[in-house]
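Q: Please read through the structure below; I'll follow up with questions.
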Amino acid sequence: STVMAVFGLPPVAHTNDPVRGVLAALELAEKIGTPKKPAAIGISCGTVFVGIIGSKGSRREYGILGDKVNLSARLMALSKKNHKKFGEIVCDTVICDRCKDEPRISWTDLGRTHVKGKAEAVCIWQPSQTDIPVSAHKLARALYLETSDKCCLSVLESEIERFLKSNNAAEHGGDKATRHGRVVFVQGSIGIGKSSILGQVQVRNNAQVWFLRGTANEFHACYPVDYIVWKQILLGYTNRFSLITNKNRYVFTQYVKVRRPDLERWLFLLGELIELGNYKLLEDEFLGVDVSARNKALYDATPANEITKHRHDIVFCLLEWTARVKPIAIIID
């Protein structure tokens, strides 16, 4: 029988998915392969189509299609046809390149060979495990480690508690202008559950803090979008405080005039990150460079590093405007 395993399907992609796939193949070949009937595994890496195939009323299934899927099948067939020559696992060059820094895997160059569906010969490689053991992450043992969920949750929640206490002290008798935010870094190896921990923190503190989240993964590298993470964060923001409405734009403009009057002429930079609605209904200061000659002239006459700083400041001024009502926590994952 044939089984297809796919690593890196959205939204659970990791930067080391090729390594995960090869390590899984090595362990699988060891467990299911026998001397008389060895395993035959083909591995490739690339962009494929993923989704529901078929129509309602007839056969529908979740499918994966693409050149890399076909190549994996051809590589598997090579191993099955001549196990002594190609071994139990055959990989393409992309997989080898993506895994070359992994110390638990060594590679043997099998040269070039022709496969069905390819006009030119393809380079193929055979992986093997080094002396470094492959060990799975065991949750039962992680309870007593400093990197466990229990420890991380308590540390993150204590940071949020200190943040809320400092805000409350400034709110009741203190100087609001002296309130400061906090930056917390959650670092760890790929795939140990950092995103899951942050999700738990968010659920536990939703009543006290407004959480905004932005996520980026290696799929975004295929189709680069400027400010992809911040656009996600601000999309969540504008779902509650939309600047499409005249009232919110007016109130925010008045806040900027008092808090940061130097940023008033840079309000149009927000249009690069959030939806402002029909430009015909916008005030002059919010018009983009494509429709406002004045704003375009200002943009063109300003160095790029200064524009970046103004964009940064206006975004944080926007967040600060509503953070006075309810504290905001931004998660960049």
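By order of appearance in the structure tokens: chains A, B, ..., then residues from 1 within every chain, and ligands from 1 in the order shown.
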Might you pull out every residue within 12 Å of Val3 of chain A, with only C-alpha atoms counted and same-chain residues fewer than 4 positions away left off, and present them as an mmCIF file with all heavy atoms, in the first residue's frame?
A:
data_model
loop_
_atom_site.group_PDB
_atom_site.id
_atom_site.type_symbol
_atom_site.label_atom_id
_atom_site.label_comp_id
_atom_site.auth_asym_id
_atom_site.auth_seq_id
_atom_site.Cartn_x
_atom_site.Cartn_y
_atom_site.Cartn_z
ATOM 1 N N ALA A 25 10.937 10.112 7.824
ATOM 2 C CA ALA A 25 11.145 9.037 6.851
ATOM 3 C C ALA A 25 12.186 8.038 7.350
ATOM 4 O O ALA A 25 12.035 6.813 7.190
ATOM 5 C CB ALA A 25 11.572 9.625 5.511
ATOM 6 N N LEU A 28 10.535 6.007 10.010
ATOM 7 C CA LEU A 28 9.512 5.152 9.410
ATOM 8 C C LEU A 28 10.136 3.966 8.680
ATOM 9 O O LEU A 28 9.664 2.823 8.797
ATOM 10 C CB LEU A 28 8.669 5.986 8.439
ATOM 11 C CG LEU A 28 7.424 5.323 7.850
ATOM 12 C CD1 LEU A 28 6.423 5.012 8.953
ATOM 13 C CD2 LEU A 28 6.790 6.238 6.809
ATOM 14 N N ALA A 39 11.283 -0.690 2.959
ATOM 15 C CA ALA A 39 10.403 0.448 2.660
ATOM 16 C C ALA A 39 10.904 1.168 1.412
ATOM 17 O O ALA A 39 12.086 1.079 1.050
ATOM 18 C CB ALA A 39 10.379 1.403 3.843
ATOM 19 N N ALA A 40 10.013 1.869 0.750
ATOM 20 C CA ALA A 40 10.373 2.686 -0.416
ATOM 21 C C ALA A 40 9.741 4.054 -0.234
ATOM 22 O O ALA A 40 8.512 4.185 -0.246
ATOM 23 C CB ALA A 40 9.882 2.032 -1.702
ATOM 24 N N ILE A 41 10.573 5.083 -0.032
ATOM 25 C CA ILE A 41 10.074 6.423 0.289
ATOM 26 C C ILE A 41 10.718 7.445 -0.639
ATOM 27 O O ILE A 41 11.941 7.447 -0.819
ATOM 28 C CB ILE A 41 10.391 6.797 1.757
ATOM 29 C CG1 ILE A 41 9.768 5.763 2.711
ATOM 30 C CG2 ILE A 41 9.880 8.194 2.081
ATOM 31 C CD1 ILE A 41 10.153 5.961 4.173
ATOM 32 N N GLY A 42 9.903 8.304 -1.238
ATOM 33 C CA GLY A 42 10.398 9.412 -2.059
ATOM 34 C C GLY A 42 10.007 10.733 -1.432
ATOM 35 O O GLY A 42 8.862 10.893 -0.982
ATOM 36 N N SER A 72 7.814 13.140 -6.081
ATOM 37 C CA SER A 72 7.957 12.261 -4.913
ATOM 38 C C SER A 72 7.570 10.832 -5.261
ATOM 39 O O SER A 72 8.231 9.864 -4.847
ATOM 40 C CB SER A 72 7.076 12.768 -3.766
ATOM 41 O OG SER A 72 7.492 14.040 -3.330
ATOM 42 N N ALA A 73 6.485 10.702 -6.037
ATOM 43 C CA ALA A 73 6.042 9.361 -6.434
ATOM 44 C C ALA A 73 7.080 8.683 -7.330
ATOM 45 O O ALA A 73 7.338 7.479 -7.204
ATOM 46 C CB ALA A 73 4.697 9.463 -7.155
ATOM 47 N N MET A 76 9.962 7.532 -5.178
ATOM 48 C CA MET A 76 9.579 6.324 -4.443
ATOM 49 C C MET A 76 9.677 5.095 -5.350
ATOM 50 O O MET A 76 10.127 4.022 -4.928
ATOM 51 C CB MET A 76 8.156 6.470 -3.914
ATOM 52 C CG MET A 76 7.639 5.247 -3.167
ATOM 53 S SD MET A 76 5.865 5.293 -2.857
ATOM 54 C CE MET A 76 5.243 5.103 -4.534
#
Q: Could you pull out the alpha helix (DSSP H) residues of segment 169-312 of chain A, going by DSSP on the backbone, and write them as a PyMOL selection string?
A: chain A and resi 169-171+194-205+228-238+246-259+293-300+304-312
Q: Please, could you write that set of residues out with C-alpha atoms as a compact mmCIF listing (two decimals), in the first residue's frame?
A:
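The resulting file, part-v6.txt, is shown below:
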# COMPACT_ATOMS: atom_id res chain seq x y z
CA ALA A 169 -1.30 53.18 39.28
CA ALA A 170 -0.94 55.79 36.54
CA GLU A 171 -4.70 55.87 36.03
CA LYS A 194 5.41 28.80 21.50
CA SER A 195 2.31 29.74 19.50
CA SER A 196 0.19 27.44 21.66
CA ILE A 197 1.46 29.06 24.86
CA LEU A 198 0.72 32.55 23.54
CA GLY A 199 -2.77 31.38 22.59
CA GLN A 200 -3.35 30.15 26.15
CA VAL A 201 -2.18 33.48 27.57
CA GLN A 202 -4.57 35.29 25.25
CA VAL A 203 -7.58 33.17 26.28
CA ARG A 204 -6.83 33.61 29.98
CA ASN A 205 -6.50 37.40 29.82
CA ILE A 228 2.38 41.40 6.24
CA VAL A 229 2.44 40.97 10.03
CA TRP A 230 1.41 44.53 10.83
CA LYS A 231 -1.38 44.42 8.27
CA GLN A 232 -2.81 41.43 10.14
CA ILE A 233 -2.47 43.23 13.46
CA LEU A 234 -4.14 46.38 12.16
CA LEU A 235 -6.89 44.39 10.46
CA GLY A 236 -7.87 43.08 13.88
CA TYR A 237 -7.64 46.63 15.21
CA THR A 238 -9.86 48.19 12.53
CA ASN A 246 -15.77 60.01 9.56
CA LYS A 247 -16.22 60.20 13.33
CA ASN A 248 -13.25 57.95 14.14
CA ARG A 249 -11.00 59.73 11.66
CA TYR A 250 -11.95 63.10 13.16
CA VAL A 251 -11.39 61.98 16.77
CA PHE A 252 -8.06 60.37 15.89
CA THR A 253 -6.91 63.47 13.99
CA GLN A 254 -7.68 65.63 17.02
CA TYR A 255 -5.71 63.24 19.22
CA VAL A 256 -2.71 63.43 16.87
CA LYS A 257 -2.84 67.24 16.86
CA VAL A 258 -2.49 67.24 20.64
CA ARG A 259 -0.23 64.22 21.17
CA ALA A 293 -0.36 65.81 -5.40
CA ARG A 294 0.52 67.49 -2.10
CA ASN A 295 1.08 64.22 -0.24
CA LYS A 296 3.02 62.75 -3.16
CA ALA A 297 5.34 65.77 -3.24
CA LEU A 298 5.92 65.42 0.51
CA TYR A 299 6.56 61.69 0.16
CA ASP A 300 9.00 62.09 -2.74
CA ALA A 304 13.10 56.67 2.91
CA ASN A 305 14.42 56.17 6.45
CA GLU A 306 12.43 59.17 7.69
CA ILE A 307 9.25 57.91 6.03
CA THR A 308 9.76 54.56 7.76
CA LYS A 309 10.09 56.34 11.11
CA HIS A 310 6.94 58.42 10.49
CA ARG A 311 5.02 55.29 9.48
CA HIS A 312 6.17 53.56 12.65
Q: Rank nothing, just name the residue among A:Asp131, A:Glu272, A:Asp17, A:Glu285 nearest to Ile95 of chain A, using only C-alpha atoms.
A: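 Using only C-alpha atoms, Ile95 of chain A sits closest to A:Asp17.
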